[in-house]
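Next comes start07.txt, with compact mmCIF, N, CA and C atoms and all ligand atoms.
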# COMPACT_ATOMS: atom_id res chain seq x y z
N MET A 648 85.78 86.55 168.65
CA MET A 648 85.95 86.47 167.18
C MET A 648 87.39 86.07 166.86
N GLU A 649 87.55 85.12 165.94
CA GLU A 649 88.91 84.66 165.60
C GLU A 649 89.65 85.70 164.75
N LYS A 650 90.96 85.77 164.96
CA LYS A 650 91.80 86.72 164.20
C LYS A 650 92.87 85.99 163.41
N THR A 651 93.35 86.64 162.36
CA THR A 651 94.47 86.09 161.59
C THR A 651 95.39 87.21 161.15
N LEU A 652 96.66 86.88 160.96
CA LEU A 652 97.62 87.88 160.48
C LEU A 652 97.84 87.71 158.98
N ILE A 653 97.66 88.82 158.27
CA ILE A 653 97.89 88.82 156.83
C ILE A 653 99.07 89.74 156.53
N ILE A 654 100.04 89.23 155.76
CA ILE A 654 101.14 90.07 155.28
C ILE A 654 101.00 90.18 153.76
N PHE A 655 100.86 91.39 153.29
CA PHE A 655 100.82 91.63 151.84
C PHE A 655 102.28 91.66 151.37
N LYS A 656 102.69 90.59 150.69
CA LYS A 656 104.10 90.38 150.37
C LYS A 656 104.56 91.39 149.30
N PRO A 657 105.91 91.51 149.12
CA PRO A 657 106.43 92.48 148.15
C PRO A 657 105.83 92.35 146.75
N ASP A 658 105.54 91.13 146.29
CA ASP A 658 104.95 91.00 144.93
C ASP A 658 103.55 91.62 144.90
N CYS A 659 102.82 91.51 145.99
CA CYS A 659 101.47 92.10 146.08
C CYS A 659 101.57 93.63 146.08
N MET A 660 102.54 94.16 146.84
CA MET A 660 102.72 95.61 146.91
C MET A 660 103.10 96.14 145.51
N GLN A 661 104.04 95.43 144.84
CA GLN A 661 104.54 95.93 143.56
C GLN A 661 103.52 95.79 142.44
N LYS A 662 102.68 94.75 142.52
CA LYS A 662 101.65 94.57 141.48
C LYS A 662 100.38 95.37 141.77
N ARG A 663 100.38 96.08 142.90
CA ARG A 663 99.22 96.89 143.33
C ARG A 663 97.94 96.04 143.41
N CYS A 664 98.09 94.91 144.10
CA CYS A 664 96.95 94.00 144.31
C CYS A 664 96.35 94.13 145.71
N VAL A 665 96.88 95.06 146.51
CA VAL A 665 96.44 95.15 147.91
C VAL A 665 94.92 95.33 147.99
N GLY A 666 94.41 96.28 147.23
CA GLY A 666 92.97 96.58 147.28
C GLY A 666 92.13 95.39 146.87
N GLU A 667 92.58 94.70 145.84
CA GLU A 667 91.83 93.53 145.35
C GLU A 667 91.74 92.43 146.41
N VAL A 668 92.86 92.21 147.11
CA VAL A 668 92.86 91.17 148.15
C VAL A 668 91.96 91.59 149.31
N ILE A 669 92.08 92.85 149.73
CA ILE A 669 91.24 93.33 150.83
C ILE A 669 89.76 93.21 150.43
N GLN A 670 89.46 93.54 149.20
CA GLN A 670 88.07 93.46 148.73
C GLN A 670 87.53 92.03 148.83
N ARG A 671 88.38 91.06 148.46
CA ARG A 671 87.94 89.65 148.55
C ARG A 671 87.67 89.26 150.00
N PHE A 672 88.54 89.72 150.91
CA PHE A 672 88.36 89.37 152.33
C PHE A 672 87.11 90.06 152.88
N GLU A 673 86.91 91.32 152.53
CA GLU A 673 85.74 92.04 153.05
C GLU A 673 84.45 91.45 152.49
N ALA A 674 84.49 91.01 151.22
CA ALA A 674 83.30 90.41 150.61
C ALA A 674 82.93 89.11 151.32
N GLU A 675 83.92 88.48 151.94
CA GLU A 675 83.69 87.24 152.69
C GLU A 675 83.14 87.52 154.09
N GLY A 676 83.08 88.81 154.44
CA GLY A 676 82.53 89.19 155.74
C GLY A 676 83.58 89.42 156.82
N PHE A 677 84.85 89.47 156.43
CA PHE A 677 85.92 89.69 157.40
C PHE A 677 86.17 91.19 157.59
N SER A 678 86.59 91.57 158.79
CA SER A 678 86.82 92.99 159.11
C SER A 678 88.27 93.24 159.48
N VAL A 679 88.76 94.41 159.09
CA VAL A 679 90.12 94.82 159.48
C VAL A 679 90.09 95.29 160.93
N CYS A 680 91.05 94.79 161.73
CA CYS A 680 91.16 95.21 163.15
C CYS A 680 92.32 96.15 163.38
N ASP A 681 93.41 95.92 162.64
CA ASP A 681 94.61 96.73 162.87
C ASP A 681 95.49 96.63 161.64
N SER A 682 96.41 97.60 161.50
CA SER A 682 97.29 97.59 160.33
C SER A 682 98.61 98.27 160.65
N LYS A 683 99.62 97.90 159.90
CA LYS A 683 100.89 98.63 159.96
C LYS A 683 101.69 98.34 158.70
N MET A 684 102.59 99.28 158.37
CA MET A 684 103.45 99.12 157.21
C MET A 684 104.88 99.08 157.73
N MET A 685 105.67 98.12 157.27
CA MET A 685 107.05 98.06 157.73
C MET A 685 107.91 97.23 156.77
N THR A 686 109.23 97.49 156.82
CA THR A 686 110.17 96.61 156.13
C THR A 686 110.56 95.53 157.13
N LEU A 687 110.36 94.27 156.77
CA LEU A 687 110.57 93.18 157.72
C LEU A 687 112.07 92.95 157.95
N SER A 688 112.47 92.95 159.22
CA SER A 688 113.89 92.77 159.57
C SER A 688 114.26 91.28 159.51
N ASN A 689 115.55 91.01 159.43
CA ASN A 689 116.01 89.62 159.44
C ASN A 689 115.59 88.90 160.72
N ASP A 690 115.61 89.61 161.86
CA ASP A 690 115.22 88.98 163.13
C ASP A 690 113.76 88.53 163.07
N LEU A 691 112.88 89.42 162.61
CA LEU A 691 111.45 89.08 162.52
C LEU A 691 111.23 87.93 161.56
N LEU A 692 111.93 87.98 160.42
CA LEU A 692 111.74 86.93 159.40
C LEU A 692 112.30 85.59 159.87
N ASN A 693 113.42 85.63 160.58
CA ASN A 693 113.97 84.37 161.12
C ASN A 693 113.00 83.71 162.08
N ASP A 694 112.32 84.52 162.90
CA ASP A 694 111.30 83.97 163.81
C ASP A 694 110.10 83.45 163.03
N HIS A 695 109.63 84.30 162.12
CA HIS A 695 108.40 84.00 161.39
C HIS A 695 108.54 82.75 160.52
N TYR A 696 109.71 82.62 159.89
CA TYR A 696 109.93 81.49 158.99
C TYR A 696 110.90 80.47 159.58
N ALA A 697 110.90 80.32 160.91
CA ALA A 697 111.81 79.37 161.58
C ALA A 697 111.64 77.95 161.04
N HIS A 698 110.40 77.63 160.59
CA HIS A 698 110.15 76.26 160.08
C HIS A 698 110.75 76.04 158.69
N LEU A 699 111.33 77.09 158.08
CA LEU A 699 111.88 76.97 156.72
C LEU A 699 113.39 77.10 156.66
N THR A 700 114.05 77.33 157.81
CA THR A 700 115.48 77.68 157.78
C THR A 700 116.35 76.59 157.15
N HIS A 701 115.87 75.35 157.14
CA HIS A 701 116.66 74.24 156.57
C HIS A 701 116.61 74.22 155.05
N LEU A 702 115.70 74.97 154.45
CA LEU A 702 115.53 74.90 152.99
C LEU A 702 116.69 75.59 152.27
N PRO A 703 117.12 75.04 151.12
CA PRO A 703 118.27 75.62 150.41
C PRO A 703 118.01 77.05 149.92
N PHE A 704 116.74 77.37 149.68
CA PHE A 704 116.42 78.71 149.16
C PHE A 704 115.88 79.64 150.25
N PHE A 705 116.23 79.33 151.52
CA PHE A 705 115.75 80.17 152.61
C PHE A 705 116.26 81.62 152.45
N GLY A 706 117.53 81.76 152.01
CA GLY A 706 118.10 83.10 151.81
C GLY A 706 117.32 83.89 150.78
N GLU A 707 116.88 83.19 149.75
CA GLU A 707 116.10 83.84 148.69
C GLU A 707 114.75 84.34 149.24
N ILE A 708 114.13 83.53 150.09
CA ILE A 708 112.85 83.93 150.69
C ILE A 708 113.07 85.15 151.59
N MET A 709 114.17 85.14 152.36
CA MET A 709 114.49 86.29 153.22
C MET A 709 114.70 87.55 152.39
N ASP A 710 115.47 87.43 151.30
CA ASP A 710 115.74 88.59 150.44
C ASP A 710 114.43 89.12 149.84
N PHE A 711 113.60 88.20 149.38
CA PHE A 711 112.31 88.59 148.78
C PHE A 711 111.44 89.31 149.81
N MET A 712 111.30 88.72 150.99
CA MET A 712 110.36 89.26 151.99
C MET A 712 110.82 90.60 152.56
N SER A 713 112.14 90.88 152.46
CA SER A 713 112.64 92.16 153.00
C SER A 713 112.95 93.15 151.89
N SER A 714 112.49 92.86 150.66
CA SER A 714 112.89 93.68 149.52
C SER A 714 112.18 95.03 149.42
N CYS A 715 111.08 95.22 150.14
CA CYS A 715 110.39 96.52 150.17
C CYS A 715 109.46 96.57 151.37
N PRO A 716 108.98 97.76 151.75
CA PRO A 716 108.02 97.81 152.86
C PRO A 716 106.75 97.04 152.49
N VAL A 717 106.22 96.32 153.48
CA VAL A 717 105.00 95.53 153.25
C VAL A 717 103.91 95.97 154.22
N LEU A 718 102.67 95.68 153.84
CA LEU A 718 101.52 96.01 154.68
C LEU A 718 101.14 94.78 155.49
N LEU A 719 100.90 94.97 156.77
CA LEU A 719 100.43 93.88 157.64
C LEU A 719 99.06 94.27 158.16
N LEU A 720 98.11 93.36 158.05
CA LEU A 720 96.76 93.62 158.56
C LEU A 720 96.35 92.47 159.48
N ILE A 721 95.63 92.82 160.53
CA ILE A 721 94.93 91.79 161.31
C ILE A 721 93.47 91.84 160.88
N PHE A 722 92.97 90.70 160.43
CA PHE A 722 91.56 90.56 160.08
C PHE A 722 90.87 89.70 161.12
N GLU A 723 89.56 89.91 161.30
CA GLU A 723 88.82 89.02 162.20
C GLU A 723 87.52 88.56 161.54
N GLY A 724 87.06 87.38 161.99
CA GLY A 724 85.82 86.82 161.47
C GLY A 724 85.64 85.41 162.01
N ASP A 725 84.46 84.84 161.78
CA ASP A 725 84.19 83.48 162.24
C ASP A 725 85.08 82.49 161.49
N ASN A 726 85.77 81.65 162.23
CA ASN A 726 86.59 80.60 161.62
C ASN A 726 87.52 81.17 160.54
N ILE A 727 88.05 82.36 160.80
CA ILE A 727 88.74 83.11 159.72
C ILE A 727 90.03 82.44 159.27
N VAL A 728 90.75 81.78 160.18
CA VAL A 728 92.04 81.21 159.78
C VAL A 728 91.86 80.21 158.64
N ALA A 729 90.97 79.26 158.84
CA ALA A 729 90.75 78.23 157.82
C ALA A 729 90.13 78.82 156.57
N ARG A 730 89.20 79.76 156.75
CA ARG A 730 88.50 80.31 155.58
C ARG A 730 89.43 81.18 154.72
N VAL A 731 90.34 81.93 155.36
CA VAL A 731 91.29 82.72 154.57
C VAL A 731 92.24 81.80 153.81
N ARG A 732 92.71 80.74 154.45
CA ARG A 732 93.63 79.82 153.77
C ARG A 732 92.94 79.22 152.53
N LYS A 733 91.63 78.98 152.65
CA LYS A 733 90.89 78.45 151.49
C LYS A 733 90.78 79.51 150.39
N LEU A 734 90.56 80.75 150.78
CA LEU A 734 90.50 81.83 149.78
C LEU A 734 91.83 82.00 149.05
N LEU A 735 92.95 81.75 149.78
CA LEU A 735 94.28 81.92 149.18
C LEU A 735 94.62 80.82 148.19
N GLY A 736 94.26 79.58 148.52
CA GLY A 736 94.72 78.46 147.71
C GLY A 736 96.07 77.99 148.23
N PRO A 737 96.65 76.94 147.61
CA PRO A 737 97.92 76.38 148.09
C PRO A 737 99.10 77.33 147.90
N THR A 738 100.21 77.01 148.59
CA THR A 738 101.41 77.86 148.55
C THR A 738 101.88 78.14 147.12
N ASP A 739 101.88 77.10 146.29
CA ASP A 739 102.39 77.23 144.92
C ASP A 739 101.32 77.85 144.01
N SER A 740 101.56 79.11 143.62
CA SER A 740 100.58 79.83 142.80
C SER A 740 100.31 79.14 141.47
N THR A 741 101.31 78.39 140.97
CA THR A 741 101.15 77.78 139.64
C THR A 741 100.16 76.62 139.65
N ILE A 742 99.91 76.07 140.85
CA ILE A 742 98.91 75.00 140.92
C ILE A 742 97.65 75.43 141.67
N ALA A 743 97.64 76.68 142.15
CA ALA A 743 96.46 77.18 142.87
C ALA A 743 95.31 77.37 141.87
N PRO A 744 94.10 76.89 142.21
CA PRO A 744 92.98 77.00 141.26
C PRO A 744 92.60 78.44 140.97
N LYS A 745 92.10 78.66 139.77
CA LYS A 745 91.53 79.97 139.42
C LYS A 745 90.40 80.27 140.40
N GLY A 746 90.27 81.54 140.74
CA GLY A 746 89.25 81.91 141.73
C GLY A 746 89.85 82.08 143.12
N THR A 747 91.06 81.50 143.34
CA THR A 747 91.75 81.75 144.60
C THR A 747 92.69 82.94 144.42
N VAL A 748 93.07 83.55 145.54
CA VAL A 748 93.96 84.73 145.48
C VAL A 748 95.26 84.38 144.79
N ARG A 749 95.88 83.26 145.20
CA ARG A 749 97.17 82.91 144.61
C ARG A 749 97.02 82.41 143.18
N GLY A 750 95.93 81.71 142.90
CA GLY A 750 95.70 81.24 141.53
C GLY A 750 95.46 82.39 140.57
N ASP A 751 94.81 83.44 141.03
CA ASP A 751 94.50 84.57 140.14
C ASP A 751 95.63 85.60 140.07
N LEU A 752 96.35 85.79 141.19
CA LEU A 752 97.27 86.93 141.28
C LEU A 752 98.73 86.54 141.50
N GLY A 753 98.98 85.33 141.98
CA GLY A 753 100.34 84.93 142.32
C GLY A 753 101.16 84.54 141.10
N THR A 754 102.48 84.38 141.32
CA THR A 754 103.41 84.08 140.22
C THR A 754 103.96 82.66 140.34
N ASP A 755 104.46 82.31 141.51
CA ASP A 755 105.07 80.99 141.70
C ASP A 755 104.98 80.59 143.17
N LYS A 756 105.87 79.69 143.60
CA LYS A 756 105.78 79.18 144.97
C LYS A 756 106.20 80.25 146.00
N MET A 757 107.17 81.09 145.63
CA MET A 757 107.64 82.12 146.55
C MET A 757 106.79 83.38 146.45
N ARG A 758 106.56 83.83 145.23
CA ARG A 758 105.78 85.07 145.01
C ARG A 758 104.31 84.69 144.94
N ASN A 759 103.71 84.59 146.15
CA ASN A 759 102.32 84.11 146.22
C ASN A 759 101.39 85.10 146.95
N ILE A 760 101.73 86.38 146.82
CA ILE A 760 100.84 87.51 147.17
C ILE A 760 100.68 87.80 148.66
N VAL A 761 100.22 86.83 149.45
CA VAL A 761 100.07 87.13 150.88
C VAL A 761 100.47 85.95 151.75
N HIS A 762 100.87 86.29 152.96
CA HIS A 762 100.98 85.31 154.04
C HIS A 762 99.69 85.36 154.85
N ALA A 763 99.22 84.19 155.29
CA ALA A 763 98.11 84.14 156.25
C ALA A 763 98.41 83.06 157.27
N SER A 764 98.11 83.32 158.53
CA SER A 764 98.37 82.35 159.60
C SER A 764 97.70 81.01 159.27
N ASP A 765 98.36 79.91 159.71
CA ASP A 765 97.82 78.58 159.34
C ASP A 765 97.09 77.87 160.49
N SER A 766 97.02 78.49 161.67
CA SER A 766 96.23 77.93 162.78
C SER A 766 95.91 79.08 163.73
N PRO A 767 94.85 78.94 164.53
CA PRO A 767 94.54 80.00 165.50
C PRO A 767 95.69 80.25 166.47
N GLU A 768 96.41 79.18 166.86
CA GLU A 768 97.54 79.34 167.79
C GLU A 768 98.65 80.15 167.12
N ASN A 769 98.97 79.80 165.86
CA ASN A 769 100.00 80.57 165.16
C ASN A 769 99.54 82.00 164.90
N ALA A 770 98.26 82.20 164.67
CA ALA A 770 97.75 83.56 164.47
C ALA A 770 98.02 84.40 165.72
N ARG A 771 97.75 83.82 166.90
CA ARG A 771 98.01 84.57 168.14
C ARG A 771 99.49 84.89 168.28
N ALA A 772 100.36 83.91 167.98
CA ALA A 772 101.81 84.12 168.11
C ALA A 772 102.30 85.16 167.09
N GLU A 773 101.76 85.11 165.88
CA GLU A 773 102.21 86.04 164.83
C GLU A 773 101.73 87.46 165.11
N ILE A 774 100.51 87.59 165.63
CA ILE A 774 100.00 88.92 165.97
C ILE A 774 100.86 89.52 167.09
N GLU A 775 101.22 88.70 168.05
CA GLU A 775 102.11 89.14 169.13
C GLU A 775 103.48 89.55 168.56
N ARG A 776 103.98 88.75 167.63
CA ARG A 776 105.31 89.00 167.06
C ARG A 776 105.35 90.32 166.29
N PHE A 777 104.35 90.54 165.45
CA PHE A 777 104.41 91.70 164.56
C PHE A 777 103.73 92.95 165.12
N PHE A 778 102.79 92.77 166.05
CA PHE A 778 102.07 93.93 166.60
C PHE A 778 102.32 94.14 168.09
N ASN A 779 103.15 93.25 168.69
CA ASN A 779 103.44 93.36 170.13
C ASN A 779 102.19 93.43 170.98
P1 LIG B 1 102.40 79.13 153.31
O1 LIG B 1 102.83 80.57 153.11
O2 LIG B 1 101.44 78.69 152.24
O3 LIG B 1 101.92 78.86 154.71
P2 LIG B 1 105.00 77.84 153.98
O4 LIG B 1 104.81 78.23 155.42
O5 LIG B 1 105.36 76.44 153.67
O6 LIG B 1 103.71 78.21 153.08
O7 LIG B 1 106.15 78.76 153.36
C1 LIG B 1 106.25 80.13 153.67
C2 LIG B 1 106.63 80.88 152.43
O8 LIG B 1 107.94 80.54 152.01
C3 LIG B 1 105.72 80.63 151.22
O9 LIG B 1 104.52 81.36 151.25
C4 LIG B 1 106.64 81.02 150.08
O10 LIG B 1 106.68 82.45 149.91
C5 LIG B 1 108.00 80.53 150.59
N1 LIG B 1 108.26 79.14 150.13
C6 LIG B 1 107.86 78.00 150.75
N2 LIG B 1 108.26 76.90 150.05
C7 LIG B 1 108.92 77.38 148.97
C8 LIG B 1 109.59 76.76 147.84
N3 LIG B 1 109.65 75.43 147.70
N4 LIG B 1 110.15 77.58 146.92
C9 LIG B 1 110.12 78.93 147.05
N5 LIG B 1 109.52 79.57 148.09
C10 LIG B 1 108.93 78.82 149.02
Please, can you express the file's structure as structure tokens?
Ligand code: ADP
Amino acid sequence: MEKTLIIFKPDCMQKRCVGEVIQRFEAEGFSVCDSKMMTLSNDLLNDHYAHLTHLPFFGEIMDFMSSCPVLLLIFEGDNIVARVRKLLGPTDSTIAPKGTVRGDLGTDKMRNIVHASDSPENARAEIERFFN
């Protein structure tokens, strides 16, 4: 069964949307495999967002992602990586369609409720990174 890493970002924690997002994933037939709560360190975030370090607002993303403890869940299901990304909608919440997680609950490009792995290979690497 395919797995994916979900991080409930600080905006999701503060808006108390965690239950709503989990409900959408469970309604899709996905199951929780593991969970943990933690404040993300700079080392973890530098690894996780290595593809973004060149961006001028990388510091802002780091500050946002480490601003409070976040919930991390591993979900599993058939073809879950692609299907979760479809449930989320695009990165920018302002253009994400209604009915998607980011379109319904997100604020902007940075505050977009959750992270989800974008390929099965990255899912394996991210699960290793955050859950050892
Ligand atoms: P995704 O999370 O949809 O896979 P990326 O991997 O491109 O998107 O970016 C990781 C995260 O960095 C985004 O979810 C968002 O929180 C933040 N981010 C990316 N691009 C921008 C941007 N142009 N402005 C603000 N935040 C951004």
Spatial neighbours of stretch 726-732 of chain A, 9 Å, only C-alpha atoms, chain gap at least 4 places, as number ranges by chain: A: 648-652, 672, 675, 677, 722, 736-737, 763-767, 770
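The spacing separating atom N of A:Leu692 from atom N of A:Ile669 amounts to 23.1 Å.
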Contacts of ligand LIG 1 (chain B), 7 Å or closer, only N, CA and C atoms and all ligand atoms, given as a PyMOL selection string: chain A and resi 696+699+704+708+736-739+755-759+761-765
Please dump the current selection as an mmCIF file, in the coordinates of the input; keep N, CA and C atoms.
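Contents of the output file again-v9.cif:
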data_model
loop_
_atom_site.group_PDB
_atom_site.id
_atom_site.type_symbol
_atom_site.label_atom_id
_atom_site.label_comp_id
_atom_site.auth_asym_id
_atom_site.auth_seq_id
_atom_site.Cartn_x
_atom_site.Cartn_y
_atom_site.Cartn_z
ATOM 1 N N TYR A 696 109.710 82.620 159.890
ATOM 2 C CA TYR A 696 109.930 81.490 158.990
ATOM 3 C C TYR A 696 110.900 80.470 159.580
ATOM 4 N N LEU A 699 111.330 77.090 158.080
ATOM 5 C CA LEU A 699 111.880 76.970 156.720
ATOM 6 C C LEU A 699 113.390 77.100 156.660
ATOM 7 N N PHE A 704 116.740 77.370 149.680
ATOM 8 C CA PHE A 704 116.420 78.710 149.160
ATOM 9 C C PHE A 704 115.880 79.640 150.250
ATOM 10 N N ILE A 708 114.130 83.530 150.090
ATOM 11 C CA ILE A 708 112.850 83.930 150.690
ATOM 12 C C ILE A 708 113.070 85.150 151.590
ATOM 13 N N GLY A 736 94.260 79.580 148.520
ATOM 14 C CA GLY A 736 94.720 78.460 147.710
ATOM 15 C C GLY A 736 96.070 77.990 148.230
ATOM 16 N N PRO A 737 96.650 76.940 147.610
ATOM 17 C CA PRO A 737 97.920 76.380 148.090
ATOM 18 C C PRO A 737 99.100 77.330 147.900
ATOM 19 N N THR A 738 100.210 77.010 148.590
ATOM 20 C CA THR A 738 101.410 77.860 148.550
ATOM 21 C C THR A 738 101.880 78.140 147.120
ATOM 22 N N ASP A 739 101.880 77.100 146.290
ATOM 23 C CA ASP A 739 102.390 77.230 144.920
ATOM 24 C C ASP A 739 101.320 77.850 144.010
ATOM 25 N N ASP A 755 104.460 82.310 141.510
ATOM 26 C CA ASP A 755 105.070 80.990 141.700
ATOM 27 C C ASP A 755 104.980 80.590 143.170
ATOM 28 N N LYS A 756 105.870 79.690 143.600
ATOM 29 C CA LYS A 756 105.780 79.180 144.970
ATOM 30 C C LYS A 756 106.200 80.250 146.000
ATOM 31 N N MET A 757 107.170 81.090 145.630
ATOM 32 C CA MET A 757 107.640 82.120 146.550
ATOM 33 C C MET A 757 106.790 83.380 146.450
ATOM 34 N N ARG A 758 106.560 83.830 145.230
ATOM 35 C CA ARG A 758 105.780 85.070 145.010
ATOM 36 C C ARG A 758 104.310 84.690 144.940
ATOM 37 N N ASN A 759 103.710 84.590 146.150
ATOM 38 C CA ASN A 759 102.320 84.110 146.220
ATOM 39 C C ASN A 759 101.390 85.100 146.950
ATOM 40 N N VAL A 761 100.220 86.830 149.450
ATOM 41 C CA VAL A 761 100.070 87.130 150.880
ATOM 42 C C VAL A 761 100.470 85.950 151.750
ATOM 43 N N HIS A 762 100.870 86.290 152.960
ATOM 44 C CA HIS A 762 100.980 85.310 154.040
ATOM 45 C C HIS A 762 99.690 85.360 154.850
ATOM 46 N N ALA A 763 99.220 84.190 155.290
ATOM 47 C CA ALA A 763 98.110 84.140 156.250
ATOM 48 C C ALA A 763 98.410 83.060 157.270
ATOM 49 N N SER A 764 98.110 83.320 158.530
ATOM 50 C CA SER A 764 98.370 82.350 159.600
ATOM 51 C C SER A 764 97.700 81.010 159.270
ATOM 52 N N ASP A 765 98.360 79.910 159.710
ATOM 53 C CA ASP A 765 97.820 78.580 159.340
ATOM 54 C C ASP A 765 97.090 77.870 160.490
#
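Proximity ranking of A:Leu687, A:Val717, A:Ile774, A:Ala697 relative to A:Lys656 places A:Val717 first, based on only C-alpha atoms.
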Test item, alpha helix (DSSP H) assignment across chain A, answer as a ChimeraX atom specification: /A:657-661,665-674,689-695,705-712,727-735,748-752,767-778
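The list of residues with at least one atom within 7 Å of A:Phe655, based on only C-alpha atoms and without residues fewer than 2 positions apart in the same chain, reads Ile653, Pro657, Cys659, Met660, Val665, Val717, Leu718, Leu719, Ile760, Val761 and His762 of chain A.
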Å distance separating atom CA of A:Val748 from atom CA of A:Leu735, one decimal place: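 Answer for the atom CA of A:Val748 to atom CA of A:Leu735 separation: 4.7 Å.
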Given only C-alpha atoms as the counted atoms, nearest of A:Lys683, A:Lys662, A:His695, A:His701 to A:Thr754: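 Closest to A:Thr754, using only C-alpha atoms: A:Lys662.
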Residues within 12 Å of (107.7, 97.8, 159.6), counting only C-alpha atoms, listed as a ChimeraX atom specification: /A:654,682-689,691-692,712-713,715-720,776-778
Using only C-alpha atoms: which of A:Gln661, A:Gly724, A:Leu752, A:Ser714 has the shortest distance to A:Gly676: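 Closest residue, counting only C-alpha atoms: A:Gly724.
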From A:Cys664, A:Pro703, A:Met709, A:Leu734, residue lying nearest A:Arg749 [all atoms listed in the file]: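 So, comparing all the options, the nearest one is A:Leu734.
Using all atoms listed in the file, the smallest distance between any of A:Glu667, A:Glu768, A:Glu673, A:Asp658 and A:Gly753 comes from A:Asp658.
In this structure, atom C of A:Glu723 sits 5.2 Å away from atom C of A:Ser678.
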DSSP strand (DSSP E or B) residues within stretch 650-779 of chain A, as a list in words: Lys650, Thr651, Leu652, Ile653, Ile654, Phe655, Ser678, Val679, Cys680, Asp681, Ser682, Lys683, Met684, Met685, Val717, Leu718, Leu719, Leu720, Ile721, Phe722, Glu723, Gly724, Val761, His762 and Ala763 of chain A
